[in-house]
file protein_19.cif (mmCIF, C-alpha atoms)
data_start
#
loop_
_atom_site.group_PDB
_atom_site.id
_atom_site.type_symbol
_atom_site.label_atom_id
_atom_site.label_comp_id
_atom_site.auth_asym_id
_atom_site.auth_seq_id
_atom_site.Cartn_x
_atom_site.Cartn_y
_atom_site.Cartn_z
ATOM 1 C CA MET K 966 -119.854 139.696 50.486
ATOM 2 C CA ASP K 967 -117.746 138.290 53.364
ATOM 3 C CA ALA K 968 -116.822 135.252 51.247
ATOM 4 C CA SER K 969 -113.625 133.302 51.837
ATOM 5 C CA ARG K 970 -111.541 130.575 50.258
ATOM 6 C CA GLU K 971 -112.341 127.251 51.891
ATOM 7 C CA LYS K 972 -109.875 124.473 52.670
ATOM 8 C CA GLY K 973 -109.003 122.382 49.626
ATOM 9 C CA GLU K 974 -110.464 124.884 47.198
ATOM 10 C CA SER K 975 -108.631 125.073 43.897
ATOM 11 C CA ALA K 976 -107.206 128.441 42.862
ATOM 12 C CA PRO K 977 -104.530 128.125 40.168
ATOM 13 C CA ASP K 978 -102.606 131.240 41.161
ATOM 14 C CA ASN K 979 -102.447 130.181 44.832
ATOM 15 C CA THR K 980 -103.415 133.639 46.061
ATOM 16 C CA ASP K 981 -105.997 134.444 48.716
ATOM 17 C CA GLN K 982 -109.369 134.793 47.000
ATOM 18 C CA ALA K 983 -112.890 135.540 48.235
ATOM 19 C CA SER K 984 -114.966 132.975 46.331
ATOM 20 C CA VAL K 985 -118.598 132.012 45.822
ATOM 21 C CA TRP K 986 -119.717 128.969 43.822
ATOM 22 C CA TYR K 987 -122.400 128.097 41.265
ATOM 23 C CA SER K 988 -123.163 124.945 39.296
ATOM 24 C CA TRP K 989 -124.926 124.798 35.930
ATOM 25 C CA THR K 990 -125.856 121.837 33.727
ATOM 26 C CA ALA K 991 -125.777 122.553 30.005
ATOM 27 C CA PRO K 992 -129.186 121.845 28.415
ATOM 28 C CA SER K 993 -127.618 121.392 24.971
ATOM 29 C CA SER K 994 -124.221 121.242 23.303
ATOM 30 C CA GLY K 995 -122.714 124.355 21.760
ATOM 31 C CA ARG K 996 -120.827 127.486 22.709
ATOM 32 C CA VAL K 997 -121.945 129.759 25.528
ATOM 33 C CA GLU K 998 -120.804 133.042 26.990
ATOM 34 C CA ILE K 999 -120.331 133.172 30.758
ATOM 35 C CA GLY K 1000 -119.613 136.570 32.211
ATOM 36 C CA LEU K 1001 -119.871 138.940 35.135
ATOM 37 C CA LEU K 1002 -122.028 141.983 34.485
ATOM 38 C CA ASN K 1003 -121.037 145.220 36.209
ATOM 39 C CA PRO K 1004 -118.950 143.706 39.021
ATOM 40 C CA ALA K 1005 -118.225 146.196 41.806
ATOM 41 C CA PHE K 1006 -114.740 144.763 42.397
ATOM 42 C CA SER K 1007 -111.812 143.227 40.527
ATOM 43 C CA SER K 1008 -113.184 139.775 39.752
ATOM 44 C CA ILE K 1009 -112.068 136.513 38.150
ATOM 45 C CA LEU K 1010 -114.017 133.518 36.840
ATOM 46 C CA TYR K 1011 -112.860 129.919 37.276
ATOM 47 C CA ILE K 1012 -114.848 127.249 35.418
ATOM 48 C CA TYR K 1013 -114.413 123.530 36.084
ATOM 49 C CA THR K 1014 -115.947 120.139 35.445
ATOM 50 C CA GLY K 1015 -115.540 117.256 37.864
ATOM 51 C CA ASN K 1016 -114.924 117.727 41.574
ATOM 52 C CA PRO K 1017 -113.304 121.171 41.963
ATOM 53 C CA PHE K 1018 -111.822 120.151 45.330
ATOM 54 C CA LYS K 1019 -110.265 116.802 44.397
ATOM 55 C CA SER K 1020 -109.715 116.262 40.681
ATOM 56 C CA PRO K 1021 -111.029 119.256 38.737
ATOM 57 C CA THR K 1022 -110.777 119.624 34.987
ATOM 58 C CA THR K 1023 -110.094 123.295 34.386
ATOM 59 C CA ILE K 1024 -112.137 124.737 31.524
ATOM 60 C CA SER K 1025 -111.264 128.398 31.911
ATOM 61 C CA VAL K 1026 -109.238 130.548 34.282
ATOM 62 C CA GLY K 1027 -108.587 134.175 34.975
ATOM 63 C CA LYS K 1028 -111.068 136.341 33.032
ATOM 64 C CA SER K 1029 -114.335 138.054 33.931
ATOM 65 C CA ARG K 1030 -115.938 137.058 30.621
ATOM 66 C CA GLU K 1031 -115.458 133.707 28.893
ATOM 67 C CA VAL K 1032 -116.590 131.773 25.840
ATOM 68 C CA ILE K 1033 -116.556 127.995 26.282
ATOM 69 C CA SER K 1034 -117.795 124.940 24.407
ATOM 70 C CA VAL K 1035 -120.250 122.892 26.486
ATOM 71 C CA ILE K 1036 -121.701 119.379 26.224
ATOM 72 C CA ALA K 1037 -125.355 118.634 26.919
ATOM 73 C CA GLY K 1038 -125.888 117.080 30.356
ATOM 74 C CA THR K 1039 -122.468 118.098 31.705
ATOM 75 C CA THR K 1040 -122.378 120.049 34.955
ATOM 76 C CA TYR K 1041 -120.036 123.035 35.097
ATOM 77 C CA HIS K 1042 -118.835 124.511 38.381
ATOM 78 C CA ILE K 1043 -118.286 128.263 38.332
ATOM 79 C CA ALA K 1044 -116.289 130.079 40.986
ATOM 80 C CA VAL K 1045 -116.494 133.861 41.151
ATOM 81 C CA MET K 1046 -113.409 135.112 42.955
ATOM 82 C CA GLY K 1047 -112.301 138.532 44.082
ATOM 83 C CA TYR K 1048 -108.792 139.337 42.947
ATOM 84 C CA LYS K 1049 -106.520 139.786 45.986
ATOM 85 C CA GLY K 1050 -109.495 139.323 48.287
ATOM 86 C CA GLY K 1051 -111.737 141.900 46.601
ATOM 87 C CA GLN K 1052 -115.447 141.698 47.434
ATOM 88 C CA GLY K 1053 -118.638 143.270 46.138
ATOM 89 C CA GLU K 1054 -121.828 142.741 44.161
ATOM 90 C CA PHE K 1055 -122.071 141.276 40.651
ATOM 91 C CA GLN K 1056 -124.438 139.622 38.181
ATOM 92 C CA LEU K 1057 -123.501 136.266 36.645
ATOM 93 C CA SER K 1058 -124.740 135.762 33.087
ATOM 94 C CA ILE K 1059 -124.855 132.557 30.999
ATOM 95 C CA SER K 1060 -126.151 132.885 27.446
ATOM 96 C CA ASP K 1061 -125.926 131.288 24.023
ATOM 97 C CA LEU K 1062 -123.016 132.820 22.178
ATOM 98 C CA GLN K 1063 -123.963 135.452 19.622
ATOM 99 C CA PRO K 1064 -121.399 137.060 17.282
ATOM 100 C CA PRO K 1065 -120.680 140.734 18.047
ATOM 101 C CA ALA K 1066 -122.660 143.219 15.968
ATOM 102 C CA ASN K 1067 -119.391 144.417 14.391
ATOM 103 C CA ASP K 1068 -118.146 140.922 13.492
ATOM 104 C CA SER K 1069 -118.305 141.696 9.759
ATOM 105 C CA PHE K 1070 -116.624 144.497 7.833
ATOM 106 C CA GLY K 1071 -120.019 145.732 6.634
ATOM 107 C CA GLY K 1072 -121.257 145.971 10.226
ATOM 108 C CA SER K 1073 -118.249 147.904 11.538
ATOM 109 C CA ALA K 1074 -118.953 150.141 14.531
ATOM 110 C CA ALA K 1075 -118.459 153.891 14.166
ATOM 111 C CA ILE K 1076 -116.028 155.679 16.480
ATOM 112 C CA LEU K 1077 -117.400 159.162 17.091
ATOM 113 C CA GLY K 1078 -116.060 162.269 18.782
ATOM 114 C CA GLY K 1079 -112.712 163.988 18.823
ATOM 115 C CA LEU K 1080 -109.313 162.878 20.055
ATOM 116 C CA PRO K 1081 -108.285 161.186 22.243
ATOM 117 C CA VAL K 1082 -110.363 158.031 21.716
ATOM 118 C CA SER K 1083 -110.713 155.168 24.200
ATOM 119 C CA GLN K 1084 -112.938 152.305 23.019
ATOM 120 C CA SER K 1085 -113.703 149.044 24.832
ATOM 121 C CA GLY K 1086 -114.798 145.939 22.975
ATOM 122 C CA TRP K 1087 -115.248 142.175 22.887
ATOM 123 C CA ASN K 1088 -114.625 139.652 20.096
ATOM 124 C CA GLY K 1089 -116.211 136.584 21.694
ATOM 125 C CA GLY K 1090 -117.980 134.578 18.991
ATOM 126 C CA ALA K 1091 -116.472 136.642 16.178
ATOM 127 C CA THR K 1092 -115.372 134.987 12.948
ATOM 128 C CA LEU K 1093 -113.090 135.605 10.002
ATOM 129 C CA GLU K 1094 -115.323 136.329 7.026
ATOM 130 C CA PRO K 1095 -114.403 135.262 3.466
ATOM 131 C CA GLY K 1096 -112.132 137.809 1.813
ATOM 132 C CA GLU K 1097 -110.585 139.244 4.972
ATOM 133 C CA GLN K 1098 -106.907 140.075 4.619
ATOM 134 C CA GLN K 1099 -104.387 138.377 6.880
ATOM 135 C CA PRO K 1100 -101.063 140.180 6.321
ATOM 136 C CA GLY K 1101 -97.777 138.581 7.302
ATOM 137 C CA SER K 1102 -97.786 135.179 8.980
ATOM 138 C CA ILE K 1103 -100.958 135.766 11.003
ATOM 139 C CA GLY K 1104 -103.312 133.851 8.714
ATOM 140 C CA ASN K 1105 -105.351 131.367 10.732
ATOM 141 C CA PRO K 1106 -108.801 130.040 9.815
ATOM 142 C CA ASP K 1107 -109.727 130.245 13.505
ATOM 143 C CA SER K 1108 -109.119 134.008 13.736
ATOM 144 C CA ALA K 1109 -111.838 136.134 15.361
ATOM 145 C CA SER K 1110 -112.057 139.727 14.096
ATOM 146 C CA VAL K 1111 -114.237 142.722 14.903
ATOM 147 C CA TRP K 1112 -114.313 145.967 12.922
ATOM 148 C CA TYR K 1113 -114.523 149.711 13.569
ATOM 149 C CA HIS K 1114 -114.358 152.753 11.324
ATOM 150 C CA TRP K 1115 -113.036 156.174 12.270
ATOM 151 C CA THR K 1116 -112.864 159.402 10.270
ATOM 152 C CA SER K 1117 -109.866 161.474 11.284
ATOM 153 C CA PRO K 1118 -110.689 165.004 12.495
ATOM 154 C CA VAL K 1119 -107.037 166.070 12.059
ATOM 155 C CA SER K 1120 -104.062 165.781 9.747
ATOM 156 C CA GLY K 1121 -100.775 164.700 11.290
ATOM 157 C CA GLN K 1122 -99.405 161.865 13.375
ATOM 158 C CA VAL K 1123 -101.699 159.779 15.588
ATOM 159 C CA GLU K 1124 -100.983 156.767 17.756
ATOM 160 C CA PHE K 1125 -103.176 153.656 17.596
ATOM 161 C CA SER K 1126 -102.717 151.294 20.534
ATOM 162 C CA LEU K 1127 -104.143 148.370 22.487
ATOM 163 C CA PRO K 1128 -103.549 149.371 26.126
ATOM 164 C CA ASP K 1129 -105.576 146.433 27.477
ATOM 165 C CA TYR K 1130 -106.386 142.972 26.114
ATOM 166 C CA ASP K 1131 -106.669 139.453 27.553
ATOM 167 C CA PHE K 1132 -106.096 137.277 24.460
ATOM 168 C CA ASN K 1133 -103.699 137.016 21.492
ATOM 169 C CA ALA K 1134 -104.712 140.348 20.001
ATOM 170 C CA TYR K 1135 -103.601 141.955 16.748
ATOM 171 C CA LEU K 1136 -104.359 145.552 15.783
ATOM 172 C CA ARG K 1137 -104.626 146.470 12.078
ATOM 173 C CA ILE K 1138 -105.366 149.787 10.385
ATOM 174 C CA TYR K 1139 -106.595 150.049 6.783
ATOM 175 C CA THR K 1140 -108.079 152.451 4.283
ATOM 176 C CA GLY K 1141 -110.671 151.316 1.747
ATOM 177 C CA ASP K 1142 -114.420 150.951 1.399
ATOM 178 C CA SER K 1143 -114.645 147.176 0.934
ATOM 179 C CA LEU K 1144 -112.700 144.047 1.834
ATOM 180 C CA GLU K 1145 -111.508 143.840 -1.768
ATOM 181 C CA THR K 1146 -110.073 147.377 -1.794
ATOM 182 C CA LEU K 1147 -108.484 147.493 1.671
ATOM 183 C CA GLN K 1148 -104.972 148.925 1.871
ATOM 184 C CA LEU K 1149 -102.998 147.986 4.981
ATOM 185 C CA ILE K 1150 -101.570 151.073 6.719
ATOM 186 C CA ALA K 1151 -100.089 149.453 9.824
ATOM 187 C CA ALA K 1152 -100.273 146.219 11.815
ATOM 188 C CA SER K 1153 -99.014 145.169 15.215
ATOM 189 C CA THR K 1154 -99.314 142.367 17.748
ATOM 190 C CA GLY K 1155 -100.979 143.857 20.789
ATOM 191 C CA SER K 1156 -98.849 146.972 20.838
ATOM 192 C CA LYS K 1157 -98.901 150.500 19.444
ATOM 193 C CA PHE K 1158 -97.727 152.382 16.392
ATOM 194 C CA THR K 1159 -97.807 155.893 15.004
ATOM 195 C CA VAL K 1160 -99.113 156.613 11.511
ATOM 196 C CA PRO K 1161 -99.801 159.769 9.472
ATOM 197 C CA VAL K 1162 -103.505 160.518 8.967
ATOM 198 C CA VAL K 1163 -105.411 163.011 6.816
ATOM 199 C CA THR K 1164 -108.456 165.046 7.859
ATOM 200 C CA GLY K 1165 -111.684 163.559 6.520
ATOM 201 C CA THR K 1166 -110.155 160.183 5.612
ATOM 202 C CA SER K 1167 -111.958 157.094 6.911
ATOM 203 C CA TYR K 1168 -109.772 154.439 8.528
ATOM 204 C CA ARG K 1169 -110.837 150.835 9.104
ATOM 205 C CA ILE K 1170 -109.692 149.252 12.365
ATOM 206 C CA ALA K 1171 -109.627 145.481 12.856
ATOM 207 C CA ILE K 1172 -109.029 143.855 16.245
ATOM 208 C CA VAL K 1173 -108.154 140.228 15.562
ATOM 209 C CA GLY K 1174 -107.729 137.322 17.955
ATOM 210 C CA ASN K 1175 -105.494 134.645 16.482
ATOM 211 C CA SER K 1176 -105.186 131.190 18.018
ATOM 212 C CA THR K 1177 -106.543 127.686 17.538
ATOM 213 C CA SER K 1178 -107.749 127.878 21.160
ATOM 214 C CA PRO K 1179 -110.826 130.043 21.913
ATOM 215 C CA ALA K 1180 -109.335 130.905 25.321
ATOM 216 C CA TYR K 1181 -106.522 132.774 23.559
ATOM 217 C CA ARG K 1182 -108.517 133.887 20.508
ATOM 218 C CA GLU K 1183 -111.424 135.679 22.184
ATOM 219 C CA GLY K 1184 -111.664 138.211 24.950
ATOM 220 C CA GLU K 1185 -112.079 141.807 26.020
ATOM 221 C CA PHE K 1186 -109.906 144.690 24.888
ATOM 222 C CA ARG K 1187 -109.531 148.440 24.887
ATOM 223 C CA PHE K 1188 -107.955 150.364 22.047
ATOM 224 C CA ALA K 1189 -107.006 154.020 21.948
ATOM 225 C CA ILE K 1190 -106.237 156.748 19.422
ATOM 226 C CA ARG K 1191 -104.393 159.934 20.355
ATOM 227 C CA ASN K 1192 -102.551 162.843 18.794
ATOM 228 C CA VAL K 1193 -98.774 162.566 18.805
ATOM 229 C CA THR K 1194 -96.448 165.557 18.769
ATOM 230 C CA PRO K 1195 -93.479 164.750 16.506
ATOM 231 C CA ALA K 1196 -90.049 164.524 18.099
ATOM 232 C CA PRO K 1197 -88.304 167.937 17.847
ATOM 233 C CA HIS K 1198 -85.463 166.418 15.790
ATOM 234 C CA ASP K 1199 -87.778 164.663 13.342
ATOM 235 C CA ASN K 1200 -86.387 166.709 10.417
ATOM 236 C CA PHE K 1201 -82.759 166.825 9.292
ATOM 237 C CA ALA K 1202 -82.622 170.627 9.689
ATOM 238 C CA ASN K 1203 -83.535 170.308 13.383
ATOM 239 C CA SER K 1204 -81.002 167.615 14.252
ATOM 240 C CA ILE K 1205 -79.704 167.631 17.831
ATOM 241 C CA LEU K 1206 -76.043 168.423 18.466
ATOM 242 C CA LEU K 1207 -74.095 165.742 20.337
ATOM 243 C CA ALA K 1208 -71.417 167.677 22.229
ATOM 244 C CA GLY K 1209 -68.965 166.960 25.010
ATOM 245 C CA SER K 1210 -66.114 164.599 25.726
ATOM 246 C CA LEU K 1211 -66.239 160.923 24.835
ATOM 247 C CA PRO K 1212 -67.904 158.627 25.652
ATOM 248 C CA LEU K 1213 -71.178 160.370 24.783
ATOM 249 C CA VAL K 1214 -74.539 158.938 25.881
ATOM 250 C CA THR K 1215 -77.941 160.411 25.020
ATOM 251 C CA GLU K 1216 -81.533 159.258 25.420
ATOM 252 C CA GLY K 1217 -84.218 159.797 22.813
ATOM 253 C CA THR K 1218 -87.522 158.787 21.267
ATOM 254 C CA ASN K 1219 -88.874 158.634 17.733
ATOM 255 C CA PHE K 1220 -92.557 158.746 18.705
ATOM 256 C CA GLY K 1221 -94.462 160.791 16.147
ATOM 257 C CA ALA K 1222 -91.454 160.997 13.833
ATOM 258 C CA THR K 1223 -91.898 160.867 10.063
ATOM 259 C CA LEU K 1224 -89.901 160.318 6.894
ATOM 260 C CA GLU K 1225 -89.479 163.772 5.372
ATOM 261 C CA THR K 1226 -89.279 164.436 1.650
ATOM 262 C CA GLY K 1227 -85.723 163.936 0.395
ATOM 263 C CA GLU K 1228 -84.550 161.528 3.096
ATOM 264 C CA PRO K 1229 -82.411 158.631 1.780
ATOM 265 C CA SER K 1230 -85.345 156.208 1.737
ATOM 266 C CA GLN K 1231 -83.359 153.779 -0.421
ATOM 267 C CA PHE K 1232 -81.654 152.778 2.836
ATOM 268 C CA TYR K 1233 -84.580 152.837 5.278
ATOM 269 C CA GLU K 1234 -88.221 153.743 5.741
ATOM 270 C CA GLY K 1235 -90.213 154.699 8.791
ATOM 271 C CA ALA K 1236 -89.892 157.097 11.718
ATOM 272 C CA SER K 1237 -86.475 158.784 11.698
ATOM 273 C CA VAL K 1238 -84.864 161.281 14.075
ATOM 274 C CA TRP K 1239 -81.577 163.094 13.507
ATOM 275 C CA TYR K 1240 -78.406 164.012 15.430
ATOM 276 C CA HIS K 1241 -75.147 165.637 14.346
ATOM 277 C CA TRP K 1242 -71.653 165.236 15.804
ATOM 278 C CA THR K 1243 -68.225 166.622 14.910
ATOM 279 C CA ALA K 1244 -65.271 164.269 15.346
ATOM 280 C CA PRO K 1245 -62.722 165.681 17.854
ATOM 281 C CA SER K 1246 -59.827 163.860 16.152
ATOM 282 C CA ASN K 1247 -59.001 161.476 13.335
ATOM 283 C CA GLY K 1248 -59.578 157.819 14.106
ATOM 284 C CA LYS K 1249 -62.111 155.041 14.437
ATOM 285 C CA PHE K 1250 -65.242 155.568 16.530
ATOM 286 C CA GLU K 1251 -68.081 153.282 17.584
ATOM 287 C CA PHE K 1252 -71.733 154.333 17.369
ATOM 288 C CA LYS K 1253 -74.129 152.108 19.281
ATOM 289 C CA ILE K 1254 -77.815 151.843 20.231
ATOM 290 C CA ALA K 1255 -77.399 150.588 23.786
ATOM 291 C CA GLN K 1256 -81.100 150.107 24.613
ATOM 292 C CA GLU K 1257 -84.285 150.072 22.549
ATOM 293 C CA ASN K 1258 -87.881 148.867 22.742
ATOM 294 C CA PHE K 1259 -88.603 148.721 19.002
ATOM 295 C CA ASP K 1260 -86.979 147.405 15.813
ATOM 296 C CA SER K 1261 -84.394 150.126 15.162
ATOM 297 C CA GLU K 1262 -81.585 150.822 12.706
ATOM 298 C CA LEU K 1263 -78.599 153.157 13.024
ATOM 299 C CA TYR K 1264 -77.208 155.066 10.024
ATOM 300 C CA VAL K 1265 -74.216 157.407 9.846
ATOM 301 C CA PHE K 1266 -73.808 159.971 7.043
ATOM 302 C CA THR K 1267 -71.656 162.919 6.103
ATOM 303 C CA GLY K 1268 -73.084 165.961 4.333
ATOM 304 C CA SER K 1269 -74.695 169.279 5.225
ATOM 305 C CA SER K 1270 -78.105 168.714 3.589
ATOM 306 C CA LEU K 1271 -80.379 165.830 2.663
ATOM 307 C CA ASN K 1272 -79.419 165.970 -1.009
ATOM 308 C CA THR K 1273 -75.674 165.834 -0.258
ATOM 309 C CA LEU K 1274 -75.707 162.980 2.265
ATOM 310 C CA ALA K 1275 -73.148 160.199 1.806
ATOM 311 C CA ARG K 1276 -73.674 157.048 3.820
ATOM 312 C CA ILE K 1277 -70.642 155.972 5.861
ATOM 313 C CA GLN K 1278 -71.949 152.803 7.513
ATOM 314 C CA THR K 1279 -75.033 151.093 8.870
ATOM 315 C CA GLN K 1280 -75.809 148.278 11.280
ATOM 316 C CA ASN K 1281 -78.933 147.289 13.208
ATOM 317 C CA ALA K 1282 -77.504 147.977 16.677
ATOM 318 C CA TRP K 1283 -73.984 149.366 16.325
ATOM 319 C CA THR K 1284 -71.504 150.549 13.745
ATOM 320 C CA ALA K 1285 -67.822 151.493 13.711
ATOM 321 C CA VAL K 1286 -66.709 154.324 11.420
ATOM 322 C CA THR K 1287 -63.461 156.051 10.587
ATOM 323 C CA ALA K 1288 -63.855 159.803 11.063
ATOM 324 C CA THR K 1289 -61.785 162.882 10.285
ATOM 325 C CA ALA K 1290 -61.586 165.852 12.623
#
call {"tool": "encode", "arguments": {"input": "protein_19.cif", "output": "structure tokens"}}
result
Amino acid sequence: MDASREKGESAPDNTDQASVWYSWTAPSSGRVEIGLLNPAFSSILYIYTGNPFKSPTTISVGKSREVISVIAGTTYHIAVMGYKGGQGEFQLSISDLQPPANDSFGGSAAILGGLPVSQSGWNGGATLEPGEQQPGSIGNPDSASVWYHWTSPVSGQVEFSLPDYDFNAYLRIYTGDSLETLQLIAASTGSKFTVPVVTGTSYRIAIVGNSTSPAYREGEFRFAIRNVTPAPHDNFANSILLAGSLPLVTEGTNFGATLETGEPSQFYEGASVWYHWTAPSNGKFEFKIAQENFDSELYVFTGSSLNTLARIQTQNAWTAVTATA
């Protein structure tokens, strides 16, 4: 308490910090976990070797829990700082690094209770075990994964997300009872996605840190699962009328949307929502997605039912079509 930042003290973000200092000499070489247990304020660790006031070598910056490689006989200087001047009590812990209990698929942690779910975790010291799947271009022998399993209490659309993380985090959802039989349902880089789930089905959740640097591969995270109510115009029959004089502008979302039976899936797959519009005159008209925060596609059809649809045009962001009144 009542700490301050002294003259010449190094703080990489150049903000006012309330700091206290510790020094520790590693008794042996290896990897250790340095962390703050139950801090009563928003706190940050800075770890240095050398003189932290003149020519420090920065080992780690900006987290409240760190995994670092240490060399026997080297002295490490540890500054505990309060973010934006925050102050309070804490416990500083230094321990040999142990893999998380849910490092392996077979040791996955159960997520219990109903929806919504909010689960905090840590992948410091985790590994990538032989046989783990690495879909897409994420494959990296230095990946650090931890596993959870969750049995859905509902059928419908749910959102999986990573609201908080402090490393290069990837969220992956699977079904399957072994590494060899896993089926990838969805994958994302530190974001969120909506997937259909079935009551009583067990889903495997992998949180993966991917980087050659431990500072960006390991850290703390929080993931969440929640029910999602489908958009009202998820189905073709409930499409929203676009009415009024041109130009027309409307806002929308496809959260919770699905691909209903009979949709023209030969053109697209995923979460679709529908609108309908009647041309006021003959001529050429432009349809455009002006803003988006996901990978979207725009399709224009004619037809009064799914089985009579005829595609007019498609483009990722905009399309021009010739219409008849």
call {"tool": "residues_around", "arguments": {"input": "protein_19.cif", "residues": "K:Glu1031", "least_positions_apart": "2", "cutoff": "10 Å", "atoms": "only C-alpha atoms", "output": "mmCIF file with C-alpha atoms, keeping the file's coordinate frame"}}
result
data_model
loop_
_atom_site.group_PDB
_atom_site.id
_atom_site.type_symbol
_atom_site.label_atom_id
_atom_site.label_comp_id
_atom_site.auth_asym_id
_atom_site.auth_seq_id
_atom_site.Cartn_x
_atom_site.Cartn_y
_atom_site.Cartn_z
ATOM 1 C CA VAL K 997 -121.945 129.759 25.528
ATOM 2 C CA GLU K 998 -120.804 133.042 26.990
ATOM 3 C CA ILE K 999 -120.331 133.172 30.758
ATOM 4 C CA GLY K 1000 -119.613 136.570 32.211
ATOM 5 C CA LEU K 1001 -119.871 138.940 35.135
ATOM 6 C CA LEU K 1010 -114.017 133.518 36.840
ATOM 7 C CA TYR K 1011 -112.860 129.919 37.276
ATOM 8 C CA ILE K 1012 -114.848 127.249 35.418
ATOM 9 C CA ILE K 1024 -112.137 124.737 31.524
ATOM 10 C CA SER K 1025 -111.264 128.398 31.911
ATOM 11 C CA VAL K 1026 -109.238 130.548 34.282
ATOM 12 C CA GLY K 1027 -108.587 134.175 34.975
ATOM 13 C CA LYS K 1028 -111.068 136.341 33.032
ATOM 14 C CA SER K 1029 -114.335 138.054 33.931
ATOM 15 C CA ILE K 1033 -116.556 127.995 26.282
ATOM 16 C CA ILE K 1059 -124.855 132.557 30.999
ATOM 17 C CA GLY K 1089 -116.211 136.584 21.694
ATOM 18 C CA PRO K 1179 -110.826 130.043 21.913
ATOM 19 C CA ALA K 1180 -109.335 130.905 25.321
ATOM 20 C CA GLU K 1183 -111.424 135.679 22.184
ATOM 21 C CA GLY K 1184 -111.664 138.211 24.950
ATOM 22 C CA GLU K 1185 -112.079 141.807 26.020
#
call {"tool": "atom_distance", "arguments": {"input": "protein_19.cif", "atom1": "atom CA of K:Gln1122", "atom2": "atom CA of K:Asn1272"}}
result
25.0 Å
call {"tool": "closest_residue", "arguments": {"input": "protein_19.cif", "among": "K:Ser984, K:Gln1148, K:Ser1178, K:Ser1210", "to": "K:Pro1245", "atoms": "all atoms listed in the file"}}
result
K:Ser1210
call {"tool": "residues_around", "arguments": {"input": "protein_19.cif", "residues": "stretch 1223-1236 of chain K", "least_positions_apart": "5", "cutoff": "12 Å", "atoms": "all atoms listed in the file", "output": "count of residues only"}}
result
41
call {"tool": "closest_residue", "arguments": {"input": "protein_19.cif", "among": "K:Ala1091, K:Ser1167, K:Gln1063, K:Ser1237", "to": "K:Ile1076", "atoms": "only C-alpha atoms"}}
result
K:Ser1167
call {"tool": "atom_distance", "arguments": {"input": "protein_19.cif", "atom1": "atom CA of K:Ala1037", "atom2": "atom CA of K:Thr1022"}}
result
16.7 Å
call {"tool": "resolve_selection", "arguments": {"input": "protein_19.cif", "expression": "the PyMOL selection byres ((chain K and resi 1066) around 12)", "output": "JSON, numbers by chain"}}
result
{"K": [1063, 1064, 1065, 1067, 1068, 1069, 1070, 1071, 1072, 1073, 1074, 1075, 1086, 1087, 1088, 1089, 1090, 1091, 1092, 1110, 1111, 1112, 1113]}
call {"tool": "resolve_selection", "arguments": {"input": "protein_19.cif", "expression": "the PyMOL selection byres ((chain K and resi 1118) around 6)", "output": "MDAnalysis selection string"}}
result
chainID K and resid 1117 1119 1164
call {"tool": "atom_distance", "arguments": {"input": "protein_19.cif", "atom1": "atom CA of K:Arg1191", "atom2": "atom CA of K:Ser1204"}}
result
25.4 Å
call {"tool": "decode", "arguments": {"input": "protein_19.cif", "residues": "stretch 1229-1264 of chain K", "atoms": "C-alpha atoms", "output": "tab-separated table (two decimals), in the first residue's frame"}}
result
chain	number	residue	atom	x	y	z
K	1229	PRO	CA	-29.65	-23.59	-51.93
K	1230	SER	CA	-26.62	-24.95	-50.09
K	1231	GLN	CA	-24.84	-25.57	-53.40
K	1232	PHE	CA	-24.09	-21.83	-53.33
K	1233	TYR	CA	-23.34	-21.27	-49.63
K	1234	GLU	CA	-23.35	-22.84	-46.19
K	1235	GLY	CA	-23.65	-21.35	-42.74
K	1236	ALA	CA	-25.90	-18.88	-40.94
K	1237	SER	CA	-28.34	-17.26	-43.38
K	1238	VAL	CA	-31.02	-14.59	-42.91
K	1239	TRP	CA	-33.57	-13.52	-45.50
K	1240	TYR	CA	-35.11	-10.31	-46.90
K	1241	HIS	CA	-37.50	-9.67	-49.78
K	1242	TRP	CA	-37.85	-6.59	-51.98
K	1243	THR	CA	-40.04	-5.69	-54.96
K	1244	ALA	CA	-38.42	-3.60	-57.69
K	1245	PRO	CA	-40.26	-0.25	-58.17
K	1246	SER	CA	-39.26	-0.06	-61.85
K	1247	ASN	CA	-37.28	-1.84	-64.53
K	1248	GLY	CA	-33.55	-1.20	-64.48
K	1249	LYS	CA	-30.25	-2.01	-62.85
K	1250	PHE	CA	-29.92	-1.89	-59.06
K	1251	GLU	CA	-26.98	-2.28	-56.69
K	1252	PHE	CA	-27.16	-4.44	-53.56
K	1253	LYS	CA	-24.34	-3.88	-51.10
K	1254	ILE	CA	-23.18	-4.95	-47.63
K	1255	ALA	CA	-21.87	-1.61	-46.40
K	1256	GLN	CA	-20.50	-2.79	-43.03
K	1257	GLU	CA	-19.83	-6.19	-41.49
K	1258	ASN	CA	-17.81	-7.79	-38.71
K	1259	PHE	CA	-17.69	-11.34	-40.10
K	1260	ASP	CA	-16.96	-13.11	-43.39
K	1261	SER	CA	-20.24	-12.54	-45.24
K	1262	GLU	CA	-21.70	-13.24	-48.68
K	1263	LEU	CA	-24.64	-11.60	-50.44
K	1264	TYR	CA	-26.98	-13.59	-52.72
